[in-house]
>>> print(open('run30.pdb').read())   # PDB, C-alpha atoms and all ligand atoms
ATOM      1  CA  MET D   1      27.273 -55.308  15.597
ATOM      2  CA  ILE D   2      25.607 -58.591  16.604
ATOM      3  CA  ILE D   3      22.574 -58.374  18.900
ATOM      4  CA  THR D   4      21.129 -61.565  20.334
ATOM      5  CA  THR D   5      18.200 -60.416  22.484
ATOM      6  CA  ILE D   6      14.883 -58.809  21.605
ATOM      7  CA  SER D   7      15.141 -56.261  24.424
ATOM      8  CA  GLU D   8      18.600 -55.079  23.347
ATOM      9  CA  LEU D   9      17.441 -54.753  19.739
ATOM     10  CA  ARG D  10      14.340 -52.813  20.821
ATOM     11  CA  ASN D  11      16.472 -50.411  22.889
ATOM     12  CA  TYR D  12      18.854 -49.844  19.994
ATOM     13  CA  LEU D  13      15.980 -49.181  17.558
ATOM     14  CA  LYS D  14      14.203 -46.889  20.034
ATOM     15  CA  ALA D  15      17.300 -44.696  20.143
ATOM     16  CA  GLN D  16      17.506 -44.672  16.338
ATOM     17  CA  ARG D  17      13.829 -43.748  15.953
ATOM     18  CA  ALA D  18      14.264 -40.926  18.466
ATOM     19  CA  LYS D  19      16.683 -39.491  15.888
ATOM     20  CA  ASN D  20      13.996 -39.919  13.189
ATOM     21  CA  LYS D  21      15.907 -42.678  11.431
ATOM     22  CA  THR D  22      14.073 -45.003   9.061
ATOM     23  CA  VAL D  23      14.576 -48.734   9.518
ATOM     24  CA  GLY D  24      14.927 -51.444   6.872
ATOM     25  CA  LEU D  25      14.767 -55.153   7.730
ATOM     26  CA  VAL D  26      16.390 -57.972   5.759
ATOM     27  CA  PRO D  27      15.170 -61.296   7.192
ATOM     28  CA  THR D  28      17.544 -64.200   6.471
ATOM     29  CA  MET D  29      18.394 -67.647   7.749
ATOM     30  CA  GLY D  30      22.086 -66.797   7.495
ATOM     31  CA  PHE D  31      24.888 -68.406   5.506
ATOM     32  CA  LEU D  32      24.751 -65.245   3.435
ATOM     33  CA  HIS D  33      25.444 -65.244  -0.287
ATOM     34  CA  GLU D  34      25.358 -62.582  -3.000
ATOM     35  CA  GLY D  35      21.545 -62.835  -3.137
ATOM     36  CA  HIS D  36      21.236 -61.776   0.521
ATOM     37  CA  LEU D  37      23.929 -59.138   0.098
ATOM     38  CA  SER D  38      21.990 -57.559  -2.783
ATOM     39  CA  LEU D  39      18.988 -57.227  -0.422
ATOM     40  CA  ILE D  40      21.181 -55.630   2.254
ATOM     41  CA  ARG D  41      22.666 -53.178  -0.268
ATOM     42  CA  CYS D  42      19.203 -52.260  -1.464
ATOM     43  CA  ALA D  43      17.996 -51.789   2.142
ATOM     44  CA  ASN D  44      21.065 -49.664   2.870
ATOM     45  CA  ALA D  45      20.316 -47.386  -0.092
ATOM     46  CA  GLU D  46      16.709 -46.833   1.024
ATOM     47  CA  ASN D  47      16.897 -46.652   4.847
ATOM     48  CA  ASP D  48      18.989 -44.978   7.560
ATOM     49  CA  VAL D  49      19.365 -48.141   9.644
ATOM     50  CA  VAL D  50      19.488 -51.722   8.341
ATOM     51  CA  VAL D  51      18.741 -54.733  10.544
ATOM     52  CA  VAL D  52      19.710 -58.125   9.110
ATOM     53  CA  SER D  53      18.086 -60.997  10.994
ATOM     54  CA  ASP D  54      20.026 -64.255  10.975
ATOM     55  CA  PHE D  55      17.858 -67.033  12.365
ATOM     56  CA  VAL D  56      17.375 -70.599  11.149
ATOM     57  CA  ASN D  57      13.689 -70.822  11.944
ATOM     58  CA  PRO D  58      12.757 -74.339  13.118
ATOM     59  CA  THR D  59       9.006 -73.974  12.515
ATOM     60  CA  GLN D  60       9.371 -73.640   8.753
ATOM     61  CA  PHE D  61      11.161 -76.984   8.373
ATOM     62  CA  GLY D  62       9.220 -80.238   8.009
ATOM     63  CA  PRO D  63      10.118 -83.283  10.151
ATOM     64  CA  ASN D  64      12.360 -84.866   7.486
ATOM     65  CA  GLU D  65      13.938 -81.658   6.223
ATOM     66  CA  ASP D  66      17.375 -80.143   6.739
ATOM     67  CA  TYR D  67      16.894 -78.014   9.897
ATOM     68  CA  GLU D  68      19.772 -79.675  11.754
ATOM     69  CA  THR D  69      22.192 -79.623   8.833
ATOM     70  CA  TYR D  70      21.248 -76.196   7.401
ATOM     71  CA  PRO D  71      24.596 -74.358   7.003
ATOM     72  CA  ARG D  72      25.385 -71.830   9.743
ATOM     73  CA  ASP D  73      28.324 -69.406  10.201
ATOM     74  CA  ILE D  74      27.482 -66.294  12.221
ATOM     75  CA  GLU D  75      31.008 -64.825  12.276
ATOM     76  CA  ARG D  76      31.239 -64.930   8.482
ATOM     77  CA  ASP D  77      27.653 -63.654   8.130
ATOM     78  CA  ALA D  78      28.278 -60.694  10.431
ATOM     79  CA  LYS D  79      31.345 -59.594   8.446
ATOM     80  CA  LEU D  80      29.534 -59.899   5.113
ATOM     81  CA  ALA D  81      26.381 -58.179   6.380
ATOM     82  CA  VAL D  82      28.300 -55.193   7.756
ATOM     83  CA  ALA D  83      30.403 -54.889   4.567
ATOM     84  CA  ALA D  84      27.194 -54.794   2.499
ATOM     85  CA  GLY D  85      25.697 -52.013   4.643
ATOM     86  CA  GLY D  86      23.952 -53.795   7.518
ATOM     87  CA  ASP D  87      24.097 -51.944  10.852
ATOM     88  CA  VAL D  88      22.882 -54.722  13.124
ATOM     89  CA  VAL D  89      22.820 -58.482  12.776
ATOM     90  CA  PHE D  90      20.006 -59.849  14.926
ATOM     91  CA  TYR D  91      21.034 -63.381  15.898
ATOM     92  CA  PRO D  92      18.557 -64.706  18.454
ATOM     93  CA  SER D  93      18.493 -68.199  19.954
ATOM     94  CA  VAL D  94      15.526 -70.470  19.337
ATOM     95  CA  THR D  95      14.308 -69.932  22.913
ATOM     96  CA  GLU D  96      14.573 -66.144  22.518
ATOM     97  CA  MET D  97      12.158 -66.336  19.578
ATOM     98  CA  TYR D  98      10.042 -69.241  20.827
ATOM     99  CA  PRO D  99      10.159 -69.130  24.647
ATOM    100  CA  GLU D 100       8.863 -72.173  26.489
ATOM    101  CA  GLY D 101       5.096 -72.391  26.162
ATOM    102  CA  SER D 102       5.042 -70.428  22.914
ATOM    103  CA  ALA D 103       1.880 -71.600  21.106
ATOM    104  CA  THR D 104       0.826 -68.836  18.710
ATOM    105  CA  PHE D 105       1.112 -69.111  14.942
ATOM    106  CA  VAL D 106       0.237 -66.799  12.079
ATOM    107  CA  GLU D 107      -1.152 -68.565   9.040
ATOM    108  CA  VAL D 108      -2.286 -67.345   5.635
ATOM    109  CA  GLU D 109      -5.029 -69.728   4.554
ATOM    110  CA  GLY D 110      -6.106 -70.753   1.083
ATOM    111  CA  ASN D 111      -4.519 -71.910  -2.153
ATOM    112  CA  ILE D 112      -1.739 -69.355  -1.945
ATOM    113  CA  THR D 113      -0.048 -71.514   0.728
ATOM    114  CA  ARG D 114      -1.228 -74.869  -0.625
ATOM    115  CA  VAL D 115       0.039 -74.784  -4.210
ATOM    116  CA  LEU D 116       3.676 -75.064  -5.423
ATOM    117  CA  CYS D 117       5.966 -75.478  -2.374
ATOM    118  CA  GLY D 118       2.925 -75.659  -0.079
ATOM    119  CA  ALA D 119       1.911 -78.995  -1.628
ATOM    120  CA  SER D 120       5.086 -80.849  -0.621
ATOM    121  CA  ARG D 121       5.872 -78.660   2.418
ATOM    122  CA  PRO D 122       2.439 -78.320   4.081
ATOM    123  CA  THR D 123       3.642 -76.566   7.266
ATOM    124  CA  HIS D 124       6.379 -74.448   5.694
ATOM    125  CA  PHE D 125       4.554 -71.165   5.075
ATOM    126  CA  LYS D 126       2.893 -71.226   8.501
ATOM    127  CA  GLY D 127       6.419 -71.248   9.979
ATOM    128  CA  VAL D 128       7.548 -68.453   7.658
ATOM    129  CA  THR D 129       4.589 -66.159   8.359
ATOM    130  CA  THR D 130       4.867 -66.821  12.103
ATOM    131  CA  VAL D 131       8.546 -65.889  12.309
ATOM    132  CA  VAL D 132       8.335 -62.949   9.880
ATOM    133  CA  ASN D 133       5.370 -61.581  11.824
ATOM    134  CA  MET D 134       7.481 -61.843  15.009
ATOM    135  CA  LEU D 135      10.376 -60.041  13.290
ATOM    136  CA  PHE D 136       7.996 -57.317  12.088
ATOM    137  CA  ASN D 137       6.683 -56.903  15.661
ATOM    138  CA  ILE D 138      10.190 -56.760  17.109
ATOM    139  CA  VAL D 139      11.820 -54.479  14.522
ATOM    140  CA  LYS D 140       8.800 -52.493  13.294
ATOM    141  CA  PRO D 141      10.602 -51.726  10.027
ATOM    142  CA  ASP D 142       9.491 -49.131   7.507
ATOM    143  CA  LYS D 143      10.496 -51.512   4.729
ATOM    144  CA  ALA D 144      11.367 -55.213   4.565
ATOM    145  CA  TYR D 145      13.347 -56.897   1.796
ATOM    146  CA  PHE D 146      12.828 -60.344   0.262
ATOM    147  CA  GLY D 147      14.239 -62.097  -2.803
ATOM    148  CA  GLN D 148      12.168 -63.010  -5.846
ATOM    149  CA  LYS D 149      13.849 -66.417  -5.690
ATOM    150  CA  ASP D 150      11.259 -67.245  -3.012
ATOM    151  CA  ALA D 151       8.430 -65.705  -5.041
ATOM    152  CA  GLN D 152       5.681 -67.722  -3.339
ATOM    153  CA  GLN D 153       7.018 -66.641   0.053
ATOM    154  CA  ALA D 154       6.920 -63.010  -1.118
ATOM    155  CA  ALA D 155       3.315 -63.426  -2.336
ATOM    156  CA  VAL D 156       2.260 -65.024   0.972
ATOM    157  CA  LEU D 157       3.962 -62.287   3.005
ATOM    158  CA  MET D 158       2.358 -59.538   0.896
ATOM    159  CA  LYS D 159      -0.999 -61.101   1.685
ATOM    160  CA  MET D 160      -0.170 -61.392   5.392
ATOM    161  CA  VAL D 161       0.834 -57.719   5.553
ATOM    162  CA  ARG D 162      -2.319 -56.675   3.714
ATOM    163  CA  ASP D 163      -4.689 -58.906   5.692
ATOM    164  CA  THR D 164      -3.239 -57.899   9.074
ATOM    165  CA  HIS D 165      -3.012 -54.165   8.234
ATOM    166  CA  GLN D 166       0.694 -53.891   8.918
ATOM    167  CA  ASN D 167       2.201 -50.604   7.868
ATOM    168  CA  ILE D 168       5.305 -52.105   6.254
ATOM    169  CA  GLU D 169       6.396 -51.832   2.638
ATOM    170  CA  LEU D 170       7.639 -55.129   1.214
ATOM    171  CA  VAL D 171      10.350 -54.806  -1.408
ATOM    172  CA  VAL D 172      10.988 -57.813  -3.661
ATOM    173  CA  CYS D 173      14.461 -57.787  -5.236
ATOM    174  CA  PRO D 174      15.538 -59.673  -8.381
ATOM    175  CA  ILE D 175      17.054 -63.168  -8.300
ATOM    176  CA  VAL D 176      20.853 -63.152  -8.175
ATOM    177  CA  ARG D 177      22.457 -65.905 -10.262
ATOM    178  CA  GLU D 178      25.856 -67.577 -10.535
ATOM    179  CA  GLU D 179      27.707 -66.956 -13.805
ATOM    180  CA  ASP D 180      26.216 -70.118 -15.325
ATOM    181  CA  GLY D 181      22.685 -69.071 -14.383
ATOM    182  CA  LEU D 182      22.053 -71.161 -11.254
ATOM    183  CA  ALA D 183      20.022 -69.095  -8.782
ATOM    184  CA  MET D 184      22.031 -68.431  -5.625
ATOM    185  CA  SER D 185      20.915 -70.424  -2.601
ATOM    186  CA  SER D 186      22.496 -71.507   0.667
ATOM    187  CA  ARG D 187      21.431 -75.049  -0.308
ATOM    188  CA  ASN D 188      23.652 -75.021  -3.437
ATOM    189  CA  THR D 189      26.492 -76.014  -1.109
ATOM    190  CA  TYR D 190      24.857 -79.460  -0.735
ATOM    191  CA  LEU D 191      25.293 -80.280  -4.465
ATOM    192  CA  ASN D 192      28.102 -82.539  -5.668
ATOM    193  CA  ASP D 193      29.960 -81.569  -8.870
ATOM    194  CA  GLU D 194      27.676 -83.476 -11.243
ATOM    195  CA  GLU D 195      24.466 -82.283  -9.539
ATOM    196  CA  ARG D 196      25.784 -78.714  -9.557
ATOM    197  CA  LYS D 197      26.465 -78.966 -13.322
ATOM    198  CA  GLN D 198      23.035 -80.401 -14.119
ATOM    199  CA  ALA D 199      21.219 -77.896 -11.878
ATOM    200  CA  THR D 200      21.897 -75.122 -14.417
ATOM    201  CA  ILE D 201      19.038 -76.655 -16.431
ATOM    202  CA  LEU D 202      16.505 -74.867 -14.192
ATOM    203  CA  ASN D 203      17.405 -71.404 -15.417
ATOM    204  CA  GLN D 204      17.736 -72.649 -19.006
ATOM    205  CA  ALA D 205      14.308 -74.300 -18.897
ATOM    206  CA  LEU D 206      12.672 -71.186 -17.457
ATOM    207  CA  ALA D 207      14.404 -69.099 -20.130
ATOM    208  CA  GLU D 208      12.886 -71.348 -22.816
ATOM    209  CA  GLY D 209       9.443 -70.960 -21.280
ATOM    210  CA  GLU D 210       9.888 -67.201 -21.138
ATOM    211  CA  LYS D 211      11.061 -67.108 -24.749
ATOM    212  CA  ALA D 212       7.967 -69.028 -25.894
ATOM    213  CA  PHE D 213       5.733 -66.690 -23.853
ATOM    214  CA  LEU D 214       7.356 -63.575 -25.323
ATOM    215  CA  ALA D 215       6.919 -65.101 -28.801
ATOM    216  CA  GLY D 216       3.156 -65.231 -28.146
ATOM    217  CA  GLU D 217       2.440 -68.543 -26.396
ATOM    218  CA  THR D 218       0.071 -67.874 -23.475
ATOM    219  CA  ALA D 219      -1.394 -71.356 -22.805
ATOM    220  CA  VAL D 220      -0.228 -72.491 -19.375
ATOM    221  CA  GLU D 221      -0.306 -76.197 -20.260
ATOM    222  CA  LYS D 222       1.943 -75.655 -23.268
ATOM    223  CA  LEU D 223       4.404 -73.426 -21.405
ATOM    224  CA  VAL D 224       4.591 -75.885 -18.505
ATOM    225  CA  SER D 225       5.439 -78.736 -20.865
ATOM    226  CA  ILE D 226       8.157 -76.675 -22.606
ATOM    227  CA  ILE D 227       9.815 -76.028 -19.221
ATOM    228  CA  ALA D 228       9.337 -79.570 -17.868
ATOM    229  CA  ASP D 229      10.608 -81.247 -21.069
ATOM    230  CA  LYS D 230      13.792 -79.202 -20.927
ATOM    231  CA  ILE D 231      14.407 -80.102 -17.260
ATOM    232  CA  LYS D 232      13.890 -83.802 -18.072
ATOM    233  CA  GLU D 233      16.949 -83.648 -20.381
ATOM    234  CA  MET D 234      19.045 -83.924 -17.203
ATOM    235  CA  PRO D 235      19.118 -87.478 -15.856
ATOM    236  CA  LEU D 236      19.624 -86.439 -12.211
ATOM    237  CA  ALA D 237      16.677 -84.002 -12.222
ATOM    238  CA  GLU D 238      13.674 -85.262 -10.259
ATOM    239  CA  ILE D 239      10.794 -82.810 -10.730
ATOM    240  CA  ASP D 240       8.694 -81.913  -7.677
ATOM    241  CA  TYR D 241       6.654 -79.355  -9.634
ATOM    242  CA  VAL D 242       6.670 -77.176 -12.727
ATOM    243  CA  ASP D 243       3.701 -74.828 -12.716
ATOM    244  CA  ILE D 244       2.381 -71.427 -13.660
ATOM    245  CA  TYR D 245      -0.019 -69.303 -11.588
ATOM    246  CA  ASP D 246      -1.274 -65.751 -11.646
ATOM    247  CA  PHE D 247       1.114 -63.548  -9.644
ATOM    248  CA  PRO D 248       0.904 -62.462  -6.861
ATOM    249  CA  SER D 249      -2.547 -63.982  -6.178
ATOM    250  CA  LEU D 250      -1.307 -67.500  -7.104
ATOM    251  CA  THR D 251      -4.748 -68.334  -8.449
ATOM    252  CA  GLU D 252      -5.036 -70.999 -11.123
ATOM    253  CA  ILE D 253      -5.059 -69.800 -14.744
ATOM    254  CA  LYS D 254      -5.308 -71.507 -18.117
ATOM    255  CA  LYS D 255      -3.914 -68.586 -20.103
ATOM    256  CA  ILE D 256      -1.550 -65.803 -19.082
ATOM    257  CA  GLU D 257      -3.402 -62.526 -19.387
ATOM    258  CA  ARG D 258      -1.702 -60.243 -16.887
ATOM    259  CA  GLN D 259       1.453 -61.442 -15.238
ATOM    260  CA  ALA D 260       2.217 -64.927 -14.057
ATOM    261  CA  LEU D 261       4.749 -66.847 -12.017
ATOM    262  CA  ALA D 262       6.440 -69.781 -13.726
ATOM    263  CA  ALA D 263       7.968 -71.763 -10.870
ATOM    264  CA  VAL D 264       9.922 -74.991 -10.564
ATOM    265  CA  ALA D 265      11.108 -77.203  -7.712
ATOM    266  CA  VAL D 266      13.475 -79.992  -8.670
ATOM    267  CA  LYS D 267      15.571 -82.422  -6.672
ATOM    268  CA  PHE D 268      19.154 -83.211  -7.613
ATOM    269  CA  GLY D 269      20.171 -86.094  -5.358
ATOM    270  CA  LYS D 270      19.004 -85.092  -1.868
ATOM    271  CA  THR D 271      18.933 -81.369  -2.645
ATOM    272  CA  ARG D 272      15.670 -79.687  -3.605
ATOM    273  CA  LEU D 273      16.172 -76.462  -5.561
ATOM    274  CA  ILE D 274      13.603 -73.838  -6.574
ATOM    275  CA  ASP D 275      13.701 -71.188  -9.276
ATOM    276  CA  ASN D 276      11.199 -69.023 -11.145
ATOM    277  CA  ARG D 277      10.439 -66.327 -13.696
ATOM    278  CA  ILE D 278       7.767 -63.664 -13.606
ATOM    279  CA  LEU D 279       6.204 -63.766 -17.062
ATOM    280  CA  ARG D 280       4.835 -60.442 -18.230
ATOM    281  CA  GLU D 281       4.711 -58.639 -21.569
ATOM    282  CA  GLU D 282       7.790 -56.441 -22.034
TER     283      GLU D 282
HETATM  284  O1  LIG W 301      13.682 -66.638   3.027
HETATM  285  C1  LIG W 301      14.180 -66.999   4.117
HETATM  286  O2  LIG W 301      15.389 -67.089   4.289
HETATM  287  C2  LIG W 301      13.256 -67.341   5.284
HETATM  288  O3  LIG W 301      12.119 -68.013   4.852
HETATM  289  C3  LIG W 301      12.872 -66.116   6.131
HETATM  290  C4  LIG W 301      12.064 -65.100   5.342
HETATM  291  C5  LIG W 301      14.134 -65.451   6.672
HETATM  292  C6  LIG W 301      12.028 -66.555   7.330
HETATM  293  O4  LIG W 301      12.705 -67.448   8.142
END
>>> encode(input="run30.pdb", output="structure tokens")
Amino acid sequence: MIITTISELRNYLKAQRAKNKTVGLVPTMGFLHEGHLSLIRCANAENDVVVVSDFVNPTQFGPNEDYETYPRDIERDAKLAVAAGGDVVFYPSVTEMYPEGSATFVEVEGNITRVLCGASRPTHFKGVTTVVNMLFNIVKPDKAYFGQKDAQQAAVLMKMVRDTHQNIELVVCPIVREEDGLAMSSRNTYLNDEERKQATILNQALAEGEKAFLAGETAVEKLVSIIADKIKEMPLAEIDYVDIYDFPSLTEIKKIERQALAAVAVKFGKTRLIDNRILREE
């Protein structure tokens, strides 16, 4: 079932809650792939009712980014979401979410939103926290599901939930990869054949970093250069960042002592891809 208005969704959820049903939310920007479907399946296993939001959120795109061209296909999404265990696909218009005069944003301040993707996308996380906060207010889920692929986003949202005392459990699900290791992303569709082939280096480079860490290397500088050197083997790879931070605080570290996030953002042609590994002792 597709619902496009906040009031209709609220009425539906009110009726569900009256029957003591628990509610899981899977926020997405649509063009669903296996990664999203794994979140929906997980939400379905842990909740009575699953709401999948499908909204390309304009406020999280920078002025020269791909908001206009971001792939969209609601009919296909609705079929996939329902087959994976979604009960409702919430597909609001931009004016439903941001009515005229809308001027309120939710922002997590500090390094957590300034490092990694925050450095090259300075307004991105403010858009994400604003829209996710809206979705939390509309749906009031018991649990909400996010992919580890966007690990910084997950860390920022965990902080938002904690700082604003929201009674919602965030569940972070593992990265889903193509057979050759490329992390699934709606943006993979932008890659041409050669870029697609070379993009597999991201997972390979992170695997090398992880292998060195598990063999005893804990110096961040060394691990970063192992990962970056591997990525540079591909001529089309243009590195935005390769870095390692404590996870989930995203504070700077010189040595990995607890658990850390090794994260990369690399452009292949016009397409910027991200990938990561959580490094922790096994
Ligand atoms: O991860 C995404 O697809 C988006 O950032 C999210 C969480 C749906 C907010 O628009």
>>> residues_around(input="run30.pdb", residues="Lys159 in chain D", least_positions_apart="3", cutoff="10 Å", atoms="all atoms listed in the file", output="MDAnalysis selection string")
chainID D and resid 108:109 112 153:156 162:165 248:249
>>> resolve_selection(input="run30.pdb", expression="the PyMOL selection byres (((chain D and resi 60) around 12) and not hetatm)", output="PyMOL selection string")
chain D and resi 29+55-59+61-67+105-107+117-118+121-132+153
>>> resolve_selection(input="run30.pdb", expression="the PyMOL selection byres (((chain D and resi 203) around 9) and not hetatm)", output="list in words")
Asp180, Gly181, Leu182, Ala183, Ala199, Thr200, Ile201, Leu202, Gln204, Ala205, Leu206, Ala207, Glu208, Asp275, Asn276 and Arg277 of chain D
>>> resolve_selection(input="run30.pdb", expression="the PyMOL selection byres (((chain D and resi 193-195) around 12) and not hetatm)", output="PDB file with C-alpha atoms, keeping the file's coordinate frame")
ATOM      1  CA  LEU D 182      22.053 -71.161 -11.254  1.00  0.00           C
ATOM      2  CA  ASN D 188      23.652 -75.021  -3.437  1.00  0.00           C
ATOM      3  CA  THR D 189      26.492 -76.014  -1.109  1.00  0.00           C
ATOM      4  CA  TYR D 190      24.857 -79.460  -0.735  1.00  0.00           C
ATOM      5  CA  LEU D 191      25.293 -80.280  -4.465  1.00  0.00           C
ATOM      6  CA  ASN D 192      28.102 -82.539  -5.668  1.00  0.00           C
ATOM      7  CA  ARG D 196      25.784 -78.714  -9.557  1.00  0.00           C
ATOM      8  CA  LYS D 197      26.465 -78.966 -13.322  1.00  0.00           C
ATOM      9  CA  GLN D 198      23.035 -80.401 -14.119  1.00  0.00           C
ATOM     10  CA  ALA D 199      21.219 -77.896 -11.878  1.00  0.00           C
ATOM     11  CA  THR D 200      21.897 -75.122 -14.417  1.00  0.00           C
ATOM     12  CA  ILE D 201      19.038 -76.655 -16.431  1.00  0.00           C
ATOM     13  CA  LEU D 202      16.505 -74.867 -14.192  1.00  0.00           C
ATOM     14  CA  MET D 234      19.045 -83.924 -17.203  1.00  0.00           C
ATOM     15  CA  PRO D 235      19.118 -87.478 -15.856  1.00  0.00           C
ATOM     16  CA  LEU D 236      19.624 -86.439 -12.211  1.00  0.00           C
ATOM     17  CA  ALA D 237      16.677 -84.002 -12.222  1.00  0.00           C
ATOM     18  CA  GLU D 238      13.674 -85.262 -10.259  1.00  0.00           C
ATOM     19  CA  VAL D 266      13.475 -79.992  -8.670  1.00  0.00           C
ATOM     20  CA  LYS D 267      15.571 -82.422  -6.672  1.00  0.00           C
ATOM     21  CA  PHE D 268      19.154 -83.211  -7.613  1.00  0.00           C
ATOM     22  CA  GLY D 269      20.171 -86.094  -5.358  1.00  0.00           C
ATOM     23  CA  LYS D 270      19.004 -85.092  -1.868  1.00  0.00           C
ATOM     24  CA  THR D 271      18.933 -81.369  -2.645  1.00  0.00           C
ATOM     25  CA  ARG D 272      15.670 -79.687  -3.605  1.00  0.00           C
ATOM     26  CA  LEU D 273      16.172 -76.462  -5.561  1.00  0.00           C
TER      27      LEU D 273
END
>>> residues_around(input="run30.pdb", residues="Val50 in chain D", least_positions_apart="2", cutoff="9 Å", atoms="all atoms listed in the file", output="PyMOL selection string")
chain D and resi 22-26+40+43-44+47-48+52+85-89
>>> write_last_selection(input="run30.pdb", atoms="C-alpha atoms", output="short mmCIF file (atom, residue, chain, number, x, y, z; two decimals), keeping the file's coordinate frame")
data_model
loop_
_atom_site.label_atom_id
_atom_site.label_comp_id
_atom_site.auth_asym_id
_atom_site.auth_seq_id
_atom_site.Cartn_x
_atom_site.Cartn_y
_atom_site.Cartn_z
CA THR D 22 14.07 -45.00 9.06
CA VAL D 23 14.58 -48.73 9.52
CA GLY D 24 14.93 -51.44 6.87
CA LEU D 25 14.77 -55.15 7.73
CA VAL D 26 16.39 -57.97 5.76
CA ILE D 40 21.18 -55.63 2.25
CA ALA D 43 18.00 -51.79 2.14
CA ASN D 44 21.06 -49.66 2.87
CA ASN D 47 16.90 -46.65 4.85
CA ASP D 48 18.99 -44.98 7.56
CA VAL D 52 19.71 -58.12 9.11
CA GLY D 85 25.70 -52.01 4.64
CA GLY D 86 23.95 -53.80 7.52
CA ASP D 87 24.10 -51.94 10.85
CA VAL D 88 22.88 -54.72 13.12
CA VAL D 89 22.82 -58.48 12.78
#
>>> atom_distance(input="run30.pdb", atom1="CA of Phe136 in chain D", atom2="CA of Val264 in chain D")
28.8 Å
>>> atom_distance(input="run30.pdb", atom1="CA of Val171 in chain D", atom2="CA of Phe146 in chain D")
6.3 Å
>>> closest_residue(input="run30.pdb", among="D:Gln259, D:Ser186, D:Thr95, D:Asn133", to="Thr218 in chain D", atoms="all atoms listed in the file")
D:Gln259
>>> atom_distance(input="run30.pdb", atom1="CA of Tyr70 in chain D", atom2="atom C6 of ligand LIG 301 (chain W)")
13.3 Å
>>> closest_residue(input="run30.pdb", among="D:Phe90, D:Phe31, D:Tyr145, D:Tyr98", to="Tyr12 in chain D", atoms="only C-alpha atoms")
D:Phe90
>>> residues_around(input="run30.pdb", residues="Lys255 in chain D", least_positions_apart="6", cutoff="9 Å", atoms="only C-alpha atoms", output="JSON, numbers by chain")
{"D": [217, 218, 219, 220, 221]}
>>> decode(input="run30.pdb", residues="range 148-152 of chain D", atoms="all heavy atoms", output="PDB file, in the first residue's frame")
ATOM      1  N   GLN D 148      24.861  -0.037   7.281  1.00  0.00           N
ATOM      2  CA  GLN D 148      26.233   0.319   7.682  1.00  0.00           C
ATOM      3  C   GLN D 148      27.002   0.981   6.544  1.00  0.00           C
ATOM      4  O   GLN D 148      28.009   1.632   6.738  1.00  0.00           O
ATOM      5  CB  GLN D 148      26.983  -0.930   8.155  1.00  0.00           C
ATOM      6  CG  GLN D 148      28.326  -0.594   8.798  1.00  0.00           C
ATOM      7  CD  GLN D 148      29.305  -1.729   8.751  1.00  0.00           C
ATOM      8  OE1 GLN D 148      28.977  -2.817   9.227  1.00  0.00           O
ATOM      9  NE2 GLN D 148      30.488  -1.523   8.172  1.00  0.00           N
ATOM     10  N   LYS D 149      26.503   0.811   5.313  1.00  0.00           N
ATOM     11  CA  LYS D 149      27.151   1.462   4.173  1.00  0.00           C
ATOM     12  C   LYS D 149      27.284   2.962   4.435  1.00  0.00           C
ATOM     13  O   LYS D 149      28.284   3.576   4.119  1.00  0.00           O
ATOM     14  CB  LYS D 149      26.324   1.181   2.925  1.00  0.00           C
ATOM     15  CG  LYS D 149      26.561   2.125   1.804  1.00  0.00           C
ATOM     16  CD  LYS D 149      27.245   1.474   0.649  1.00  0.00           C
ATOM     17  CE  LYS D 149      27.552   2.486  -0.405  1.00  0.00           C
ATOM     18  NZ  LYS D 149      26.447   3.438  -0.584  1.00  0.00           N
ATOM     19  N   ASP D 150      26.241   3.554   5.029  1.00  0.00           N
ATOM     20  CA  ASP D 150      26.293   4.969   5.409  1.00  0.00           C
ATOM     21  C   ASP D 150      26.623   5.048   6.903  1.00  0.00           C
ATOM     22  O   ASP D 150      25.812   5.498   7.721  1.00  0.00           O
ATOM     23  CB  ASP D 150      24.944   5.636   5.119  1.00  0.00           C
ATOM     24  CG  ASP D 150      24.631   5.627   3.635  1.00  0.00           C
ATOM     25  OD1 ASP D 150      25.414   6.190   2.865  1.00  0.00           O
ATOM     26  OD2 ASP D 150      23.624   5.013   3.240  1.00  0.00           O
ATOM     27  N   ALA D 151      27.825   4.591   7.259  1.00  0.00           N
ATOM     28  CA  ALA D 151      28.177   4.457   8.676  1.00  0.00           C
ATOM     29  C   ALA D 151      28.220   5.815   9.383  1.00  0.00           C
ATOM     30  O   ALA D 151      27.820   5.926  10.538  1.00  0.00           O
ATOM     31  CB  ALA D 151      29.527   3.750   8.806  1.00  0.00           C
ATOM     32  N   GLN D 152      28.692   6.845   8.680  1.00  0.00           N
ATOM     33  CA  GLN D 152      28.729   8.172   9.314  1.00  0.00           C
ATOM     34  C   GLN D 152      27.302   8.652   9.574  1.00  0.00           C
ATOM     35  O   GLN D 152      27.009   9.214  10.634  1.00  0.00           O
ATOM     36  CB  GLN D 152      29.489   9.178   8.437  1.00  0.00           C
ATOM     37  CG  GLN D 152      29.625  10.538   9.094  1.00  0.00           C
ATOM     38  CD  GLN D 152      30.483  11.509   8.305  1.00  0.00           C
ATOM     39  OE1 GLN D 152      30.747  11.284   7.115  1.00  0.00           O
ATOM     40  NE2 GLN D 152      30.917  12.584   8.936  1.00  0.00           N
TER      41      GLN D 152
END
